[in-house]
$ cat upload_6.cif   # mmCIF, C-alpha atoms
data_target
#
loop_
_atom_site.label_atom_id
_atom_site.label_comp_id
_atom_site.auth_asym_id
_atom_site.auth_seq_id
_atom_site.Cartn_x
_atom_site.Cartn_y
_atom_site.Cartn_z
CA MET A 30 5.87 12.74 -16.40
CA THR A 31 3.22 10.14 -15.66
CA LEU A 32 3.64 8.40 -12.33
CA LYS A 33 3.45 4.65 -12.12
CA VAL A 34 1.22 3.65 -9.20
CA THR A 35 0.53 0.14 -7.98
CA VAL A 36 -2.05 -0.93 -5.43
CA VAL A 37 -1.31 -4.33 -3.86
CA VAL A 38 -4.20 -5.81 -1.90
CA GLY A 39 -3.70 -8.74 0.46
CA ASN A 40 -7.34 -9.47 1.13
CA PRO A 41 -8.22 -13.12 0.45
CA LYS A 42 -11.57 -11.88 -0.87
CA PRO A 43 -11.32 -10.42 -4.41
CA LYS A 44 -12.61 -6.91 -5.14
CA SER A 45 -12.84 -6.16 -1.43
CA ARG A 46 -13.60 -3.02 0.54
CA THR A 47 -9.89 -2.92 1.31
CA LEU A 48 -9.23 -2.52 -2.42
CA LYS A 49 -11.80 0.29 -2.60
CA VAL A 50 -10.14 2.12 0.31
CA ALA A 51 -6.70 1.86 -1.33
CA GLU A 52 -7.93 3.04 -4.72
CA THR A 53 -9.79 5.94 -3.13
CA LEU A 54 -6.64 6.98 -1.28
CA VAL A 55 -4.72 7.17 -4.56
CA GLU A 56 -7.55 9.20 -6.14
CA HIS A 57 -7.42 11.73 -3.29
CA LEU A 58 -3.63 11.83 -3.16
CA LEU A 59 -2.68 12.35 -6.81
CA ALA A 60 -3.85 14.79 -9.46
CA PRO A 61 -6.16 13.25 -12.07
CA GLY A 62 -4.31 12.38 -15.27
CA SER A 63 -0.89 12.44 -13.56
CA TYR A 64 -0.63 8.69 -13.01
CA GLU A 65 -1.32 5.24 -14.36
CA ILE A 66 -2.57 2.74 -11.81
CA GLU A 67 -2.22 -1.03 -11.72
CA VAL A 68 -4.09 -3.10 -9.15
CA ILE A 69 -2.65 -6.38 -7.97
CA ASP A 70 -5.42 -8.13 -6.08
CA LEU A 71 -3.55 -11.02 -4.48
CA ALA A 72 -6.82 -12.95 -4.13
CA ASP A 73 -6.48 -13.51 -7.88
CA HIS A 74 -3.06 -15.15 -7.39
CA THR A 75 -3.61 -17.59 -4.53
CA ASP A 76 -2.79 -20.54 -6.77
CA GLU A 77 0.81 -19.37 -7.18
CA ILE A 78 1.59 -17.09 -4.21
CA PHE A 79 3.31 -19.94 -2.37
CA ALA A 80 4.96 -21.47 -5.46
CA TRP A 81 8.75 -21.00 -5.41
CA PRO A 82 9.93 -20.06 -7.92
CA SER A 83 7.07 -18.51 -9.87
CA GLU A 84 7.58 -16.48 -13.01
CA GLY A 85 4.13 -14.92 -12.63
CA MET A 86 4.77 -13.76 -9.07
CA ALA A 87 8.27 -12.55 -9.99
CA ALA A 88 6.72 -10.42 -12.74
CA LEU A 89 4.22 -8.92 -10.29
CA ASN A 90 6.98 -8.18 -7.78
CA ALA A 91 9.05 -6.51 -10.50
CA ARG A 92 6.15 -4.29 -11.57
CA VAL A 93 5.65 -3.11 -7.99
CA ALA A 94 9.40 -2.47 -7.59
CA GLU A 95 9.29 -0.25 -10.70
CA SER A 96 6.48 1.90 -9.25
CA ASP A 97 6.83 5.48 -8.13
CA LEU A 98 4.11 4.90 -5.55
CA ALA A 99 2.83 1.61 -4.15
CA VAL A 100 -0.08 1.28 -1.76
CA PHE A 101 -0.01 -1.96 0.21
CA ALA A 102 -3.43 -2.70 1.68
CA SER A 103 -4.73 -5.51 3.82
CA PRO A 104 -7.55 -6.26 6.19
CA THR A 105 -6.41 -6.63 9.78
CA TYR A 106 -5.84 -10.26 10.77
CA LYS A 107 -4.61 -10.99 14.29
CA ALA A 108 -3.62 -7.31 14.77
CA THR A 109 -1.55 -7.19 11.60
CA TYR A 110 -1.68 -7.75 7.81
CA THR A 111 -2.60 -11.01 6.12
CA GLY A 112 -0.29 -13.89 5.33
CA LEU A 113 -1.20 -13.36 1.69
CA LEU A 114 0.43 -9.91 1.70
CA LYS A 115 3.34 -11.19 3.78
CA ALA A 116 3.98 -14.01 1.30
CA PHE A 117 4.06 -11.47 -1.54
CA LEU A 118 6.45 -9.16 0.31
CA ASP A 119 8.69 -12.07 1.36
CA ARG A 120 9.64 -12.50 -2.30
CA TYR A 121 11.65 -9.26 -2.27
CA PRO A 122 15.35 -9.26 -1.49
CA ALA A 123 16.87 -6.68 0.85
CA ASN A 124 16.17 -3.22 -0.61
CA GLY A 125 13.91 -4.79 -3.24
CA LEU A 126 11.59 -1.77 -3.01
CA GLN A 127 14.38 0.82 -3.14
CA GLY A 128 13.12 3.95 -4.88
CA VAL A 129 9.44 3.19 -4.24
CA THR A 130 7.33 5.45 -2.07
CA ALA A 131 5.02 3.13 -0.15
CA ILE A 132 1.88 3.73 1.86
CA PRO A 133 0.71 1.01 4.25
CA VAL A 134 -3.06 0.66 4.62
CA LEU A 135 -5.00 -1.62 6.94
CA THR A 136 -8.74 -1.95 7.29
CA GLY A 137 -10.48 -3.36 10.32
CA ALA A 138 -13.72 -3.71 12.21
CA SER A 139 -12.81 -1.27 14.99
CA LEU A 140 -10.06 1.09 16.11
CA GLN A 141 -8.67 -1.62 18.40
CA HIS A 142 -5.75 -2.34 16.03
CA SER A 143 -5.46 1.09 14.46
CA MET A 144 -1.68 1.27 14.96
CA GLY A 145 -1.15 -1.95 12.99
CA SER A 146 -0.38 -0.23 9.69
CA THR A 147 2.24 1.95 11.39
CA VAL A 148 3.88 -0.52 13.78
CA ASN A 149 3.62 -3.72 11.72
CA LEU A 150 3.42 -3.01 7.99
CA ALA A 151 5.37 0.26 7.66
CA PRO A 152 8.59 -1.15 9.22
CA LEU A 153 8.54 -4.08 6.80
CA LEU A 154 8.21 -1.72 3.84
CA VAL A 155 11.10 0.40 5.15
CA GLU A 156 13.19 -2.76 5.67
CA LEU A 157 12.59 -3.56 1.99
CA GLY A 158 13.97 -0.13 1.05
CA ALA A 159 10.75 1.78 0.42
CA ALA A 160 10.25 5.35 1.61
CA VAL A 161 7.14 5.62 3.79
CA PRO A 162 5.94 9.25 3.98
CA GLY A 163 4.21 9.12 7.35
CA ARG A 164 2.25 6.85 9.58
CA GLY A 165 0.18 4.09 8.07
CA PHE A 166 -3.47 4.60 7.24
CA TYR A 167 -6.04 2.59 9.16
CA PHE A 168 -9.65 2.57 8.00
CA VAL A 169 -12.57 1.23 10.03
CA SER A 170 -14.67 -0.73 7.57
CA THR A 171 -17.97 0.31 9.16
CA GLU A 172 -17.18 3.86 7.99
CA MET A 173 -17.63 3.16 4.26
CA ASP A 174 -20.32 5.85 4.11
CA ASN A 175 -17.63 8.36 5.13
CA LEU A 176 -14.91 6.93 2.90
CA ASP A 177 -14.18 10.07 0.88
CA GLU A 178 -14.02 12.35 3.92
CA LEU A 179 -11.76 10.05 5.94
CA VAL A 180 -9.49 9.25 3.02
CA GLN A 181 -9.20 12.96 2.19
CA GLU A 182 -7.90 13.61 5.71
CA ALA A 183 -5.26 10.91 5.31
CA ALA A 184 -4.33 12.12 1.83
CA ALA A 185 -3.89 15.67 3.13
CA GLU A 186 -1.43 14.40 5.74
CA TYR A 187 0.56 12.46 3.12
CA ILE A 188 0.53 15.45 0.75
CA GLY A 189 1.92 17.67 3.52
CA ASN A 190 4.66 15.16 4.35
CA LEU A 191 5.59 14.65 0.70
CA SER A 192 5.68 18.40 0.09
CA ARG A 193 8.04 18.93 3.02
CA MET A 194 10.25 16.08 1.82
CA ALA A 195 10.36 17.56 -1.70
CA ALA A 196 11.33 20.97 -0.30
CA LEU A 197 14.14 19.37 1.70
CA ALA A 198 15.25 17.29 -1.30
CA ALA A 199 15.70 20.50 -3.31
CA HIS A 200 18.51 21.44 -0.91
CA THR A 201 20.37 18.15 -0.68
CA ARG A 202 23.76 17.46 -2.19
CA PRO A 203 23.82 15.43 -5.40
CA ALA A 204 24.24 11.71 -4.80
#
$ encode --input "upload_6.cif" --output "structure tokens"
Amino acid sequence: MTLKVTVVVGNPKPKSRTLKVAETLVEHLLAPGSYEIEVIDLADHTDEIFAWPSEGMAALNARVAESDLAVFASPTYKATYTGLLKAFLDRYPANGLQGVTAIPVLTGASLQHSMGSTVNLAPLLVELGAAVPGRGFYFVSTEMDNLDELVQEAAAEYIGNLSRMAALAAHTRPA
């Protein structure tokens, strides 16, 4: 089975470092060849993100909702994620991400807001019905030279959490 993975990036700047961090996390988390990845760089959709309704945005939302894994990444703005990402997530109804495993990722200039991905973005993803397998990942953008090492540490934590959840799931009653 090939996993469907989507990376959603709420950085107003296209092809950002935030996108690189999110893609690198997926690469360290999943076995090569086991997934197909789609990147939704919201900077490419600023002309329609606030248009209601929008067939294009509805299609993007649907593709994310059909994912096995979705990584939601944003630079830190005012101690939280960007309005661009919030506008995208606001399009989902209650439980609109049901069945999706979601990882919240924030990047920032310092560790000052390092809890933002856990206390701000993760609860929103859970409210939308996604399963979040641990605390959010926060990456200090001045550490790009250590990207692989730092992302590997985060991936190892998610892998451990997902493995424990899978072991527990093997013993649950059928739904």
$ resolve_selection --input "upload_6.cif" --expression "the PyMOL selection byres ((chain A and resi 126-137) around 8)" --output "ChimeraX atom specification"
/A:47,51,93-105,110,121,124-125,138-140,142-143,145-147,150-151,154,157-162,165-170
$ closest_residue --input "upload_6.cif" --among "A:Asn190, A:Thr109, A:Gln141, A:Asn90" --to "Leu153 (chain A)" --atoms "all atoms listed in the file"
A:Thr109
$ resolve_selection --input "upload_6.cif" --expression "the PyMOL selection byres ((chain A and resi 184-189) around 7)" --output "NGL selection string"
:A and (54 or 57-58 or 162-163 or 180-183 or 190-193)
$ closest_residue --input "upload_6.cif" --among "A:Arg92, A:Arg120, A:Arg46, A:Arg202" --to "Ile78 (chain A)" --atoms "all atoms listed in the file"
A:Arg120
$ closest_residue --input "upload_6.cif" --among "A:Ala80, A:Val36, A:Leu48, A:Ala88" --to "Ile66 (chain A)" --atoms "all atoms listed in the file"
A:Val36
$ atom_distance --input "upload_6.cif" --atom1 "CA of Gly85 (chain A)" --atom2 "CA of Asn40 (chain A)"
18.7 Å
$ resolve_selection --input "upload_6.cif" --expression "the PyMOL selection byres ((chain A and resi 72) around 8)" --output "PyMOL selection string"
chain A and resi 38-43+70-71+73-75
$ atom_distance --input "upload_6.cif" --atom1 "CA of Val148 (chain A)" --atom2 "CA of Ala108 (chain A)"
10.2 Å
$ atom_distance --input "upload_6.cif" --atom1 "CA of Leu114 (chain A)" --atom2 "CA of Glu56 (chain A)"
22.1 Å
$ residues_around --input "upload_6.cif" --residues "Glu77 (chain A)" --least-positions-apart "5" --cutoff "12 Å" --atoms "only C-alpha atoms" --output "PyMOL selection string"
chain A and resi 71-72+82-87+89+113+116-117
$ closest_residue --input "upload_6.cif" --among "A:Lys49, A:Lys33, A:Lys44, A:Lys115" --to "Asp177 (chain A)" --atoms "only C-alpha atoms"
A:Lys49
$ axis_aligned_box --input "upload_6.cif" --around "region 127-143 of chain A" --padding-each-side "3 Å" --output "AutoDock Vina command-line options"
--center_x 0.3 --center_y 0.9 --center_z 6.8 --size_x 34.1 --size_y 15.2 --size_z 29.3
$ closest_residue --input "upload_6.cif" --among "A:Val55, A:Asn175, A:Pro203, A:Glu156" --to "Asp119 (chain A)" --atoms "all atoms listed in the file"
A:Glu156
$ closest_residue --input "upload_6.cif" --among "A:Leu32, A:Val37, A:Val50, A:Leu59" --to "Glu172 (chain A)" --atoms "all atoms listed in the file"
A:Val50
$ decode --input "upload_6.cif" --residues "region 165-178 of chain A" --atoms "N, CA, C and O atoms" --output "mmCIF file, in the first residue's frame"
data_model
loop_
_atom_site.group_PDB
_atom_site.id
_atom_site.type_symbol
_atom_site.label_atom_id
_atom_site.label_comp_id
_atom_site.auth_asym_id
_atom_site.auth_seq_id
_atom_site.Cartn_x
_atom_site.Cartn_y
_atom_site.Cartn_z
ATOM 1 N N GLY A 165 4.006 19.018 18.632
ATOM 2 C CA GLY A 165 4.371 19.622 17.362
ATOM 3 C C GLY A 165 5.877 19.778 17.244
ATOM 4 O O GLY A 165 6.606 19.756 18.236
ATOM 5 N N PHE A 166 6.324 19.928 16.018
ATOM 6 C CA PHE A 166 7.754 20.102 15.752
ATOM 7 C C PHE A 166 8.033 21.572 15.491
ATOM 8 O O PHE A 166 7.369 22.202 14.669
ATOM 9 N N TYR A 167 9.007 22.092 16.216
ATOM 10 C CA TYR A 167 9.423 23.484 16.052
ATOM 11 C C TYR A 167 10.877 23.482 15.599
ATOM 12 O O TYR A 167 11.731 22.839 16.217
ATOM 13 N N PHE A 168 11.153 24.208 14.527
ATOM 14 C CA PHE A 168 12.498 24.248 13.974
ATOM 15 C C PHE A 168 13.000 25.690 13.936
ATOM 16 O O PHE A 168 12.331 26.565 13.379
ATOM 17 N N VAL A 169 14.168 25.913 14.516
ATOM 18 C CA VAL A 169 14.791 27.234 14.502
ATOM 19 C C VAL A 169 15.491 27.400 13.156
ATOM 20 O O VAL A 169 16.399 26.638 12.811
ATOM 21 N N SER A 170 15.060 28.390 12.412
ATOM 22 C CA SER A 170 15.518 28.543 11.030
ATOM 23 C C SER A 170 17.013 28.823 10.885
ATOM 24 O O SER A 170 17.584 28.583 9.819
ATOM 25 N N THR A 171 17.667 29.286 11.936
ATOM 26 C CA THR A 171 19.116 29.496 11.860
ATOM 27 C C THR A 171 19.886 28.175 11.931
ATOM 28 O O THR A 171 21.101 28.162 11.781
ATOM 29 N N GLU A 172 19.171 27.074 12.128
ATOM 30 C CA GLU A 172 19.791 25.746 12.243
ATOM 31 C C GLU A 172 19.729 24.950 10.941
ATOM 32 O O GLU A 172 19.851 23.721 10.956
ATOM 33 N N MET A 173 19.553 25.622 9.813
ATOM 34 C CA MET A 173 19.427 24.904 8.535
ATOM 35 C C MET A 173 20.632 24.011 8.247
ATOM 36 O O MET A 173 20.479 22.959 7.625
ATOM 37 N N ASP A 174 21.801 24.370 8.738
ATOM 38 C CA ASP A 174 22.980 23.518 8.541
ATOM 39 C C ASP A 174 22.861 22.194 9.283
ATOM 40 O O ASP A 174 23.564 21.231 8.962
ATOM 41 N N ASN A 175 21.994 22.131 10.286
ATOM 42 C CA ASN A 175 21.780 20.922 11.081
ATOM 43 C C ASN A 175 20.408 20.311 10.815
ATOM 44 O O ASN A 175 19.901 19.554 11.633
ATOM 45 N N LEU A 176 19.822 20.660 9.688
ATOM 46 C CA LEU A 176 18.454 20.231 9.375
ATOM 47 C C LEU A 176 18.278 18.730 9.492
ATOM 48 O O LEU A 176 17.378 18.259 10.197
ATOM 49 N N ASP A 177 19.096 17.944 8.829
ATOM 50 C CA ASP A 177 18.910 16.493 8.839
ATOM 51 C C ASP A 177 18.988 15.910 10.244
ATOM 52 O O ASP A 177 18.162 15.078 10.627
ATOM 53 N N GLU A 178 19.948 16.345 11.017
ATOM 54 C CA GLU A 178 20.117 15.828 12.374
ATOM 55 C C GLU A 178 18.913 16.172 13.260
ATOM 56 O O GLU A 178 18.375 15.309 13.961
#
